[in-house]
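Visitor: Data file target-v9.txt (compact mmCIF, C-alpha atoms) is appended below.
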```txt
# COMPACT_ATOMS: atom_id res chain seq x y z
CA MET A 9 94.21 123.75 112.65
CA GLU A 10 95.44 127.08 114.06
CA GLN A 11 98.29 128.84 112.27
CA GLN A 12 100.36 128.63 115.46
CA GLU A 13 100.41 124.85 115.02
CA TYR A 14 101.95 125.10 111.55
CA ALA A 15 104.45 127.70 112.77
CA ARG A 16 105.52 125.39 115.61
CA ARG A 17 106.12 122.58 113.15
CA ARG A 18 108.23 124.78 110.88
CA ARG A 19 110.35 125.90 113.82
CA GLU A 20 110.88 122.31 114.93
CA LEU A 21 111.90 121.20 111.45
CA MET A 22 114.30 124.13 111.00
CA ASN A 23 115.91 123.32 114.36
CA LEU A 24 116.50 119.78 113.08
CA MET A 25 117.92 121.06 109.80
CA GLY A 26 120.57 123.19 111.49
CA ASP A 27 122.43 126.22 110.18
CA ASN A 28 123.17 126.99 106.54
CA ALA A 29 120.54 124.60 105.20
CA VAL A 30 117.49 125.00 103.00
CA ALA A 31 114.38 122.82 102.57
CA VAL A 32 112.18 122.78 99.47
CA VAL A 33 108.74 121.10 99.43
CA ALA A 34 106.45 120.95 96.39
CA ALA A 35 102.68 120.87 96.26
CA ALA A 36 100.99 117.79 94.91
CA PRO A 37 100.39 118.03 91.16
CA GLU A 38 96.88 118.18 89.81
CA ARG A 39 95.81 114.91 88.17
CA PRO A 40 93.50 114.54 85.16
CA ARG A 41 90.53 112.22 85.60
CA ASN A 42 89.57 112.17 81.95
CA ARG A 43 90.15 114.67 79.14
CA ASP A 44 89.68 118.15 80.67
CA VAL A 45 88.19 116.95 83.99
CA MET A 46 90.53 116.88 86.99
CA HIS A 47 90.38 114.73 90.09
CA PRO A 48 89.37 116.72 93.20
CA TYR A 49 92.57 118.33 94.42
CA ARG A 50 94.23 117.16 97.61
CA GLN A 51 97.39 118.89 98.84
CA ASP A 52 100.67 117.04 99.45
CA SER A 53 100.67 115.94 103.09
CA ASP A 54 104.16 117.25 103.87
CA LEU A 55 103.49 120.71 102.48
CA TYR A 56 100.10 120.88 104.19
CA TYR A 57 101.61 119.70 107.48
CA LEU A 58 104.02 122.64 107.44
CA THR A 59 101.74 125.37 106.07
CA GLY A 60 98.05 124.47 105.87
CA PHE A 61 98.24 125.90 102.33
CA PRO A 62 95.70 124.08 100.12
CA GLU A 63 96.50 125.27 96.60
CA PRO A 64 98.29 123.46 93.76
CA GLU A 65 101.27 124.96 91.94
CA SER A 66 102.96 126.03 95.16
CA VAL A 67 106.42 125.47 96.60
CA LEU A 68 107.50 125.91 100.22
CA VAL A 69 111.05 127.02 101.05
CA LEU A 70 112.42 127.06 104.60
CA ILE A 71 115.76 128.76 105.30
CA PRO A 72 116.73 128.75 108.99
CA GLY A 73 118.22 132.03 110.16
CA ARG A 74 117.47 134.00 106.98
CA GLU A 75 117.29 137.63 108.04
CA THR A 76 114.60 138.63 105.53
CA GLY A 77 112.37 135.71 106.43
CA GLU A 78 112.67 131.98 106.99
CA PHE A 79 109.30 130.90 105.52
CA ILE A 80 108.99 131.58 101.80
CA LEU A 81 106.05 130.48 99.68
CA PHE A 82 105.84 130.44 95.91
CA CYS A 83 102.23 130.31 94.77
CA ARG A 84 99.88 131.33 91.97
CA GLU A 85 99.10 134.99 91.46
CA ARG A 86 95.58 136.31 91.75
CA ASP A 87 93.83 136.08 88.38
CA PRO A 88 90.27 137.45 88.20
CA ASP A 89 89.51 135.68 84.92
CA LYS A 90 90.58 132.24 86.15
CA GLU A 91 89.01 132.79 89.56
CA VAL A 92 85.64 133.19 87.84
CA TRP A 93 85.98 129.56 86.74
CA ASP A 94 87.89 127.92 89.57
CA GLY A 95 87.36 130.07 92.65
CA PRO A 96 89.53 132.51 94.61
CA ARG A 97 93.27 132.15 95.07
CA ALA A 98 95.32 133.33 98.02
CA GLY A 99 97.89 135.11 95.92
CA GLN A 100 101.02 136.54 97.45
CA ASP A 101 99.15 138.82 99.85
CA GLY A 102 97.02 135.94 101.09
CA ALA A 103 100.08 133.72 101.52
CA ARG A 104 101.53 136.29 103.89
CA GLU A 105 98.38 137.47 105.66
CA CYS A 106 96.45 134.20 105.97
CA TYR A 107 99.21 131.56 106.03
CA GLY A 108 102.03 133.42 107.78
CA ALA A 109 104.62 133.43 104.98
CA ASP A 110 107.46 135.86 105.59
CA GLU A 111 107.83 136.32 101.85
CA ALA A 112 105.71 135.18 98.92
CA PHE A 113 106.56 135.16 95.23
CA PRO A 114 104.63 134.22 92.08
CA VAL A 115 105.33 130.60 91.27
CA ASP A 116 105.99 131.62 87.65
CA ASP A 117 109.09 133.46 88.92
CA ILE A 118 110.55 130.49 90.77
CA ASP A 119 113.26 129.73 88.18
CA GLU A 120 114.66 133.24 88.60
CA VAL A 121 114.28 133.57 92.38
CA LEU A 122 114.87 130.16 93.99
CA PRO A 123 118.42 129.45 92.74
CA GLY A 124 119.62 132.52 94.63
CA MET A 125 118.13 131.08 97.82
CA LEU A 126 120.09 127.86 97.32
CA GLU A 127 123.38 129.62 96.75
CA GLY A 128 125.94 129.19 99.51
CA LYS A 129 123.92 126.61 101.45
CA ASP A 130 125.65 123.47 102.70
CA ARG A 131 122.63 121.15 102.65
CA LEU A 132 119.47 120.94 100.56
CA TYR A 133 116.60 119.03 102.19
CA CYS A 134 114.09 117.70 99.67
CA THR A 135 112.11 114.62 98.71
CA MET A 136 113.23 112.93 95.52
CA GLY A 137 111.61 110.16 93.52
CA LEU A 138 107.92 110.95 94.00
CA ASN A 139 107.43 113.65 91.37
CA PRO A 140 109.76 113.36 88.37
CA ASP A 141 108.91 116.85 87.14
CA PHE A 142 109.87 118.38 90.47
CA ASP A 143 113.01 116.22 90.69
CA HIS A 144 114.03 117.67 87.34
CA ALA A 145 113.27 121.21 88.53
CA ILE A 146 115.35 120.77 91.70
CA LEU A 147 118.35 119.60 89.70
CA GLY A 148 117.86 122.48 87.29
CA TRP A 149 117.94 125.07 90.09
CA VAL A 150 121.04 123.53 91.63
CA ASN A 151 122.73 123.42 88.23
CA GLN A 152 121.96 127.09 87.73
CA VAL A 153 124.02 127.81 90.83
CA ARG A 154 126.80 125.45 89.75
CA ALA A 155 127.01 127.18 86.37
CA ARG A 156 128.09 130.33 88.17
CA SER A 157 130.83 128.67 90.19
CA ARG A 158 133.55 130.68 88.41
CA ALA A 159 131.83 133.81 89.66
CA GLY A 160 132.09 132.51 93.21
CA ALA A 161 128.64 130.92 93.51
CA ARG A 162 128.48 127.72 95.58
CA ALA A 163 125.70 125.18 95.25
CA PRO A 164 124.57 122.94 98.13
CA GLY A 165 127.11 120.18 98.49
CA GLU A 166 124.77 117.68 100.13
CA PHE A 167 121.28 116.49 99.28
CA VAL A 168 119.46 115.28 102.42
CA ALA A 169 116.23 113.27 102.38
CA LEU A 170 113.61 115.51 103.96
CA GLU A 171 111.47 112.48 104.79
CA HIS A 172 113.66 111.38 107.69
CA PRO A 173 113.27 114.40 110.01
CA LEU A 174 109.86 115.48 108.73
CA HIS A 175 108.20 112.08 108.84
CA GLU A 176 109.55 111.40 112.31
CA MET A 177 107.82 114.64 113.34
CA ARG A 178 104.58 113.59 111.66
CA LEU A 179 104.66 110.21 113.43
CA ILE A 180 104.15 111.83 116.87
CA LYS A 181 100.83 113.64 116.88
CA SER A 182 100.28 116.84 118.82
CA PRO A 183 97.18 117.35 120.99
CA ALA A 184 95.62 119.38 118.16
CA GLU A 185 96.23 116.56 115.69
CA LEU A 186 94.81 113.94 118.04
CA GLU A 187 91.68 116.03 118.48
CA GLN A 188 91.31 116.35 114.70
CA MET A 189 91.69 112.59 114.32
CA ARG A 190 89.16 112.00 117.11
CA GLN A 191 86.66 114.17 115.25
CA ALA A 192 87.28 112.24 112.05
CA ALA A 193 86.75 108.94 113.85
CA GLN A 194 83.48 110.24 115.33
CA VAL A 195 82.15 111.18 111.89
CA SER A 196 83.12 107.76 110.53
CA ALA A 197 81.49 106.10 113.54
CA ARG A 198 78.18 107.81 112.72
CA ALA A 199 78.36 106.48 109.19
CA HIS A 200 79.11 102.92 110.29
CA ARG A 201 76.19 103.00 112.74
CA ARG A 202 73.95 104.32 109.97
CA ALA A 203 74.98 101.49 107.66
CA MET A 204 74.18 98.91 110.34
CA ALA A 205 70.75 100.41 110.90
CA LEU A 206 69.85 100.53 107.19
CA CYS A 207 71.29 97.24 105.94
CA ARG A 208 68.74 94.80 104.52
CA PRO A 209 68.92 91.77 102.20
CA GLY A 210 68.52 92.80 98.58
CA MET A 211 70.26 96.15 98.94
CA ALA A 212 73.23 96.88 96.72
CA GLU A 213 76.64 97.37 98.25
CA TYR A 214 76.77 100.84 96.72
CA GLU A 215 73.59 101.83 98.58
CA LEU A 216 75.44 101.39 101.87
CA GLU A 217 78.46 103.16 100.40
CA ALA A 218 76.20 106.13 99.58
CA GLU A 219 75.34 106.58 103.26
CA PHE A 220 79.03 107.04 104.07
CA HIS A 221 79.48 109.63 101.34
CA ALA A 222 76.44 111.58 102.54
CA ILE A 223 77.55 111.68 106.17
CA PHE A 224 81.15 112.49 105.25
CA ARG A 225 80.15 115.41 103.03
CA ARG A 226 77.75 116.76 105.66
CA SER A 227 80.81 117.12 107.89
CA ASN A 228 82.85 118.72 105.07
CA GLY A 229 84.93 115.57 104.76
CA TRP A 230 85.93 113.21 101.99
CA HIS A 231 86.69 109.51 101.87
CA ALA A 232 90.21 108.97 103.21
CA TYR A 233 90.50 106.02 100.77
CA PRO A 234 88.18 104.16 98.40
CA PRO A 235 85.60 102.48 100.64
CA ILE A 236 85.21 98.71 100.76
CA VAL A 237 81.65 97.38 101.00
CA GLY A 238 81.92 93.65 100.42
CA GLY A 239 79.07 91.21 100.93
CA GLY A 240 79.67 87.46 101.21
CA ARG A 241 82.56 86.32 99.00
CA ASN A 242 83.49 89.95 98.31
CA GLY A 243 84.31 90.41 101.99
CA CYS A 244 87.19 87.98 101.51
CA ILE A 245 88.78 90.26 98.88
CA LEU A 246 91.04 92.57 100.86
CA HIS A 247 90.89 95.60 98.56
CA TYR A 248 87.47 95.04 97.01
CA ILE A 249 86.12 98.43 95.87
CA ASP A 250 83.64 97.62 93.09
CA ASN A 251 80.79 97.77 95.61
CA ASN A 252 78.21 96.80 92.97
CA ALA A 253 76.85 93.42 94.09
CA SER A 254 73.58 92.66 95.86
CA LEU A 255 73.66 91.89 99.58
CA ARG A 256 72.25 88.44 100.17
CA ASP A 257 70.25 87.11 103.07
CA GLY A 258 72.51 84.94 105.25
CA ASP A 259 75.77 86.64 104.21
CA LEU A 260 78.05 88.95 106.13
CA VAL A 261 78.98 92.39 104.83
CA LEU A 262 82.40 93.88 105.55
CA ILE A 263 82.71 97.68 105.41
CA ASP A 264 86.10 99.39 105.57
CA ALA A 265 85.54 103.16 105.31
CA GLY A 266 86.81 106.30 106.97
CA VAL A 267 86.53 110.04 106.51
CA GLU A 268 89.34 112.53 106.04
CA LEU A 269 88.83 115.88 107.78
CA ASP A 270 91.27 118.72 107.12
CA CYS A 271 93.73 116.18 105.68
CA TYR A 272 93.56 113.83 108.71
CA ALA A 273 92.32 110.30 108.13
CA SER A 274 90.24 107.81 110.03
CA ASP A 275 90.17 104.10 109.15
CA ILE A 276 87.45 101.87 110.56
CA THR A 277 86.19 98.41 109.60
CA ARG A 278 83.12 96.59 110.82
CA THR A 279 81.59 93.30 109.72
CA PHE A 280 77.95 92.41 110.36
CA PRO A 281 75.21 90.08 109.08
CA VAL A 282 73.12 91.42 106.21
CA ASN A 283 69.90 90.22 107.85
CA GLY A 284 70.84 91.38 111.35
CA ARG A 285 71.54 87.97 112.92
CA PHE A 286 74.82 86.04 112.95
CA THR A 287 74.70 82.35 112.08
CA ALA A 288 76.52 80.01 114.46
CA GLU A 289 79.50 79.73 112.08
CA GLN A 290 79.67 83.46 111.44
CA ARG A 291 79.51 84.18 115.14
CA ALA A 292 82.28 81.68 115.90
CA VAL A 293 84.65 83.31 113.44
CA TYR A 294 83.60 86.81 114.48
CA GLU A 295 84.25 86.12 118.17
CA ILE A 296 87.77 84.91 117.36
CA VAL A 297 88.58 88.10 115.43
CA LEU A 298 87.05 90.25 118.16
CA SER A 299 89.14 88.52 120.83
CA ALA A 300 92.24 88.91 118.66
CA GLN A 301 91.58 92.61 118.31
CA ALA A 302 91.12 93.01 122.06
CA ALA A 303 94.45 91.27 122.67
CA ALA A 304 96.18 93.44 120.09
CA ILE A 305 94.71 96.68 121.45
CA ASP A 306 95.83 95.70 124.95
CA ALA A 307 99.39 95.49 123.60
CA VAL A 308 99.28 99.09 122.32
CA ARG A 309 101.14 100.91 125.07
CA PRO A 310 104.40 102.83 125.51
CA GLY A 311 107.48 100.63 125.67
CA ASN A 312 105.94 97.76 123.72
CA HIS A 313 107.41 97.39 120.26
CA TRP A 314 105.49 97.86 117.04
CA ASN A 315 105.03 94.15 116.31
CA MET A 316 103.64 93.15 119.71
CA PRO A 317 99.99 93.86 118.84
CA HIS A 318 100.38 91.75 115.70
CA GLU A 319 101.98 88.92 117.69
CA ALA A 320 99.18 89.06 120.26
CA ALA A 321 96.52 88.93 117.55
CA LEU A 322 98.21 86.00 115.82
CA GLN A 323 98.17 83.89 118.96
CA VAL A 324 94.40 84.31 119.30
CA LEU A 325 93.63 83.90 115.59
CA VAL A 326 95.66 80.74 115.16
CA GLN A 327 94.33 79.19 118.37
CA GLY A 328 90.85 79.98 117.10
CA LEU A 329 91.53 78.34 113.76
CA VAL A 330 92.74 75.24 115.59
CA ASN A 331 89.62 75.25 117.77
CA LEU A 332 87.47 75.40 114.63
CA GLU A 333 89.54 72.55 113.14
CA LEU A 334 90.50 74.71 110.18
CA LEU A 335 94.13 74.20 111.17
CA GLN A 336 95.74 71.27 112.97
CA GLY A 337 98.90 71.33 115.04
CA ASP A 338 100.78 73.27 117.68
CA VAL A 339 99.87 76.96 117.68
CA ASP A 340 103.43 78.28 117.96
CA GLN A 341 104.64 75.97 115.21
CA LEU A 342 101.74 76.96 112.97
CA ILE A 343 102.67 80.61 113.49
CA GLU A 344 106.32 79.93 112.73
CA ASP A 345 105.33 78.06 109.56
CA GLU A 346 102.82 80.82 108.62
CA ALA A 347 100.20 78.14 108.12
CA TYR A 348 97.55 80.75 108.92
CA ARG A 349 98.24 82.82 105.80
CA PRO A 350 95.40 81.39 103.66
CA PHE A 351 93.04 82.81 106.31
CA PHE A 352 94.96 85.92 107.50
CA MET A 353 97.34 87.40 104.95
CA HIS A 354 97.92 90.96 106.15
CA ARG A 355 99.42 92.61 109.17
CA THR A 356 97.38 93.77 112.15
CA GLY A 357 97.82 97.50 111.63
CA HIS A 358 99.68 100.51 110.28
CA TRP A 359 100.46 104.08 111.25
CA LEU A 360 97.55 106.49 110.79
CA GLY A 361 97.61 110.26 110.35
CA MET A 362 97.49 112.62 107.39
CA ASP A 363 97.92 109.61 105.13
CA VAL A 364 95.76 106.58 105.83
CA HIS A 365 98.93 104.50 105.65
CA ASP A 366 100.90 107.18 107.39
CA VAL A 367 104.61 107.91 107.33
CA GLY A 368 107.17 106.73 109.86
CA ASP A 369 109.66 103.87 110.11
CA TYR A 370 108.47 100.60 111.62
CA ARG A 371 112.01 99.47 112.39
CA ILE A 372 115.03 101.34 113.73
CA ASP A 373 118.47 99.80 113.19
CA GLY A 374 116.77 96.56 112.21
CA GLN A 375 114.66 96.34 115.38
CA TRP A 376 110.94 96.94 115.76
CA ARG A 377 110.56 100.45 117.08
CA LEU A 378 109.01 101.10 120.48
CA LEU A 379 105.60 102.68 120.73
CA GLU A 380 105.52 106.22 122.13
CA PRO A 381 102.75 108.58 123.28
CA GLY A 382 101.32 110.48 120.34
CA MET A 383 101.60 107.65 117.84
CA VAL A 384 98.34 106.50 116.25
CA VAL A 385 97.90 103.00 114.87
CA THR A 386 95.13 100.94 113.38
CA VAL A 387 94.35 97.56 114.90
CA GLU A 388 92.66 95.34 112.31
CA PRO A 389 92.93 91.56 112.59
CA GLY A 390 90.76 89.47 110.31
CA LEU A 391 89.90 86.00 109.09
CA TYR A 392 88.90 85.32 105.50
CA ILE A 393 87.59 81.85 104.65
CA ALA A 394 87.08 82.07 100.91
CA ASP A 395 85.49 79.21 99.01
CA THR A 396 88.80 78.80 97.13
CA ILE A 397 90.64 77.44 100.18
CA PRO A 398 90.97 73.67 99.76
CA GLU A 399 89.69 71.16 102.29
CA VAL A 400 87.47 73.62 104.15
CA ASP A 401 83.94 72.49 104.96
CA GLU A 402 81.49 74.56 102.92
CA ARG A 403 79.66 75.74 106.03
CA TRP A 404 82.61 78.10 106.58
CA HIS A 405 82.77 79.29 102.99
CA ASN A 406 82.91 83.04 102.31
CA ILE A 407 82.90 84.13 105.92
CA GLY A 408 85.16 87.19 105.84
CA VAL A 409 85.57 89.18 109.06
CA ARG A 410 87.74 92.21 109.83
CA ILE A 411 87.36 94.52 112.82
CA GLU A 412 89.41 97.71 112.79
CA ASP A 413 89.78 100.65 115.16
CA ASP A 414 92.00 103.72 115.40
CA VAL A 415 94.11 103.64 118.57
CA ALA A 416 96.29 106.44 119.98
CA VAL A 417 99.20 105.63 122.27
CA THR A 418 99.00 107.59 125.54
CA SER A 419 101.45 108.08 128.39
CA ASP A 420 99.91 105.21 130.37
CA GLY A 421 98.41 103.01 127.66
CA HIS A 422 96.10 103.85 124.81
CA THR A 423 92.78 105.40 123.87
CA ILE A 424 90.46 104.13 121.12
CA LEU A 425 89.55 107.10 118.94
CA SER A 426 86.87 105.11 117.10
CA ALA A 427 85.18 103.67 120.18
CA GLY A 428 81.73 104.88 119.06
CA VAL A 429 81.11 101.97 116.66
CA PRO A 430 79.39 98.81 117.98
CA LYS A 431 81.45 95.65 117.70
CA THR A 432 80.32 93.01 120.19
CA VAL A 433 77.84 90.55 118.73
CA ALA A 434 75.09 91.80 121.03
CA ASP A 435 75.79 95.48 120.27
CA VAL A 436 75.97 94.92 116.52
CA GLN A 437 72.68 93.04 116.45
CA ALA A 438 71.06 95.69 118.64
CA ALA A 439 72.30 98.49 116.35
CA MET A 440 70.87 96.68 113.34
CA ALA A 441 67.54 96.11 115.07
CA GLU A 442 67.20 99.86 115.61
CA GLY A 443 66.79 100.35 111.87
```
Would you put the structure from the file into structure tokens?
Guide:
Amino acid sequence: MEQQEYARRRRELMNLMGDNAVAVVAAAPERPRNRDVMHPYRQDSDLYYLTGFPEPESVLVLIPGRETGEFILFCRERDPDKEVWDGPRAGQDGARECYGADEAFPVDDIDEVLPGMLEGKDRLYCTMGLNPDFDHAILGWVNQVRARSRAGARAPGEFVALEHPLHEMRLIKSPAELEQMRQAAQVSARAHRRAMALCRPGMAEYELEAEFHAIFRRSNGWHAYPPIVGGGRNGCILHYIDNNASLRDGDLVLIDAGVELDCYASDITRTFPVNGRFTAEQRAVYEIVLSAQAAAIDAVRPGNHWNMPHEAALQVLVQGLVNLELLQGDVDQLIEDEAYRPFFMHRTGHWLGMDVHDVGDYRIDGQWRLLEPGMVVTVEPGLYIADTIPEVDERWHNIGVRIEDDVAVTSDGHTILSAGVPKTVADVQAAMAEG
């Protein structure tokens, strides 16, 4: 992402904040994996959205109208000894020269410097409740100012949740963001096609998972979330991530995996037969889910509310379950009674962006919000007929199907960012035959 993009976002946020306000955003903390080994670091999405700065132990401060600079970054100092072990740091010079900070200070000096920046401000924008250590630090800085009230110092009188203005900004993607997400979807599409081509009975689920990791890393990406590779019964477990079972002849395999590129996620699911050919029962269920997804995607357009794709998918799924005699009764009544929930227990999608379950309100004033150009959603209906559901003929047992694509709302409808992955029965079987 170009630095001009981050600068535009900071200007927009500061315009929303108004005069005599200050915003403080902390980097994500580093997390230990075990003993002295850390998890790979991933920056806090809000801080990265506003700066592109990738390092831990950093704090962003925005002060609209500040004469000596509105964009202040606290970050680690250069340290040749530590950089031998962990790689180069930007330091204060890099924060200014490479990331556009007006001023940069060592993060070790933040307790002495930041309280003075809060003094005299009416409103403090911050996010509370996610990082207890940072919550404590924020209160400490404000209390430093309050302690000098007899000397005329005035602390911010109002704490404002930064999430409301910032996450509304993040919900509407810019052209640069949409292009980044399209690239991520294309990388994920290659991996899904590769998995289809390689899949054979007797393989382990983790062998297919390995193909995703290889393709993602070749594009300098990482998994946006733990991948799901579930064969047979495991495909009916919504968040199955063990990925250690053998793939059996005659079963389906469900793969939910997407790459993250430059902190932007993709999220794609495909389901296909391990041996390359759908059985009659598998195909019947698959065609219902595919039709439900088509109906839901068609409902993704400006002016429709958030829940309309879900409602469209439900109509098709429940009618399909009735046609298969897995449910009996009137479709609308079955939907009202949620009789479908043993077979479809999640919603049809979520916001997608820097977080795989991205930020943004789904309701406004108690009403489903309207879709707008620049929003990106997933569309992922499914049916899961586990062998634990009573009174279901065993020929349907352990058929789990989910089909998921990434869909951007446009001015006149939508575009499918992940369109490069086969999903009709004929196309899936052809892709598998190519292996």
Visitor: Between atom CA of Tyr272 of chain A and atom CA of Val364 of chain A, what is the distance in Å, rounded to a tenth?
Guide: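 Those two atoms sit 8.1 Å apart.
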Visitor: If I take atom CA of Glu20 of chain A and atom CA of Glu63 of chain A, how far is one from the other in Å, to one decimal?
Guide: 23.5 Å
Visitor: Excluding same-chain residues fewer than 4 positions from Glu219 of chain A, what lies within 7 Å of it counting all atoms listed in the file, as a ChimeraX atom specification?
Guide: /A:199,203,215,223
Visitor: Please produce a file of those selected residues containing C-alpha atoms, as a PDB file, in the coordinates of the input.
Guide:
```pdb
ATOM      1  CA  ALA A 199      78.360 106.480 109.190  1.00  0.00           C
ATOM      2  CA  ALA A 203      74.980 101.490 107.660  1.00  0.00           C
ATOM      3  CA  GLU A 215      73.590 101.830  98.580  1.00  0.00           C
ATOM      4  CA  ILE A 223      77.550 111.680 106.170  1.00  0.00           C
TER       5      ILE A 223
END
```
Visitor: Which of these residues is nearest to Gly361 of chain A, using all atoms listed in the file: A:Ile411, A:Leu186, A:Met204, A:Leu216?
Guide: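 Checking each of A:Ile411, A:Leu186, A:Met204, A:Leu216 against Gly361 of chain A, counting all atoms listed in the file, the winner is A:Leu186.
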Visitor: Between atom CA of Glu213 of chain A and atom CA of Ala253 of chain A, what is the spacing in Å?
Guide: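 Atom CA of Ala253 of chain A sits 5.7 Å away from atom CA of Glu213 of chain A.
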Visitor: Report as a PyMOL selection string all protein, DNA and RNA residues lying within 8 Å of segment 280-297 of chain A, evaluated on all atoms listed in the file, omitting residues in the same chain fewer than 3 positions from it.
Guide: chain A and resi 204+207-209+239+255-262+300-301+324-325+328+389-391+403-404+407+409-411+433+436-437+440-441
Visitor: Considering only C-alpha atoms, can you say which of A:Ala427, A:Leu334, A:Leu132, A:Leu170 comes closest to His405 of chain A?
Guide: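 Closest to His405 of chain A, using only C-alpha atoms: A:Leu334.
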Visitor: Ranking A:Ala321, A:Ile180, A:Val267, A:Leu206 by minimum distance to His221 of chain A and counting all atoms listed in the file, which one comes first?
Guide: A:Val267
Visitor: Which protein, DNA or RNA residues are at most 12 Å from (116.6, 121.1, 110.8) in the file's coordinates when you count only C-alpha atoms, listed as a ChimeraX atom specification?
Guide: /A:17-31,70-73,131-134,168-174,177
Visitor: Could you give me, as a PyMOL selection string, the residues that sit within 12 Å of (108.0, 99.1, 124.0) in the file's coordinates, counting only C-alpha atoms?
Guide: chain A and resi 307-317+375-381+417+419-421
Visitor: Show which residues sit within 6 Å of Ile263 of chain A, as a VMD selection string. Count all atoms listed in the file, and ignore same-chain residues fewer than 2 positions away.
Guide: chain A and resid 236 to 237 277 to 278
Visitor: Quick one: residues within 9 Å of Pro37 of chain A, all atoms listed in the file, excluding same-chain residues fewer than 6 positions away - as a ChimeraX atom specification?
Guide: /A:49-52,64-65,139
Visitor: N, CA and C atoms are what I want for segment 30-47 of chain A; can you complete it accordingly and write them as a compact mmCIF listing (two decimals), keeping the file's coordinate frame?
Guide:
```txt
# COMPACT_ATOMS: atom_id res chain seq x y z
N VAL A 30 118.72 124.55 103.63
CA VAL A 30 117.49 125.00 103.00
C VAL A 30 116.64 123.77 102.71
N ALA A 31 115.32 123.90 102.90
CA ALA A 31 114.38 122.82 102.57
C ALA A 31 113.42 123.32 101.50
N VAL A 32 113.10 122.45 100.55
CA VAL A 32 112.18 122.78 99.47
C VAL A 32 111.14 121.67 99.39
N VAL A 33 109.85 122.06 99.45
CA VAL A 33 108.74 121.10 99.43
C VAL A 33 107.75 121.54 98.36
N ALA A 34 107.37 120.63 97.48
CA ALA A 34 106.45 120.95 96.39
C ALA A 34 105.04 120.53 96.72
N ALA A 35 104.08 121.28 96.18
CA ALA A 35 102.68 120.87 96.26
C ALA A 35 102.44 119.62 95.43
N ALA A 36 101.39 118.91 95.74
CA ALA A 36 100.99 117.79 94.91
C ALA A 36 100.55 118.31 93.54
N PRO A 37 100.88 117.60 92.48
CA PRO A 37 100.39 118.03 91.16
C PRO A 37 98.91 117.73 91.00
N GLU A 38 98.25 118.49 90.17
CA GLU A 38 96.88 118.18 89.81
C GLU A 38 96.88 116.98 88.86
N ARG A 39 95.86 116.13 88.97
CA ARG A 39 95.81 114.91 88.17
C ARG A 39 94.54 114.89 87.32
N PRO A 40 94.69 114.63 86.01
CA PRO A 40 93.50 114.54 85.16
C PRO A 40 92.71 113.26 85.43
N ARG A 41 91.41 113.39 85.48
CA ARG A 41 90.53 112.22 85.60
C ARG A 41 90.21 111.67 84.23
N ASN A 42 89.79 112.54 83.35
CA ASN A 42 89.57 112.17 81.95
C ASN A 42 89.46 113.47 81.16
N ARG A 43 90.12 113.50 80.01
CA ARG A 43 90.15 114.67 79.14
C ARG A 43 90.39 115.94 79.97
N ASP A 44 89.44 116.88 79.98
CA ASP A 44 89.68 118.15 80.67
C ASP A 44 89.04 118.19 82.06
N VAL A 45 88.75 117.03 82.63
CA VAL A 45 88.19 116.95 83.99
C VAL A 45 89.29 116.48 84.93
N MET A 46 89.47 117.21 86.04
CA MET A 46 90.53 116.88 86.99
C MET A 46 89.94 116.13 88.20
N HIS A 47 90.76 115.29 88.80
CA HIS A 47 90.38 114.73 90.09
C HIS A 47 90.26 115.86 91.12
```
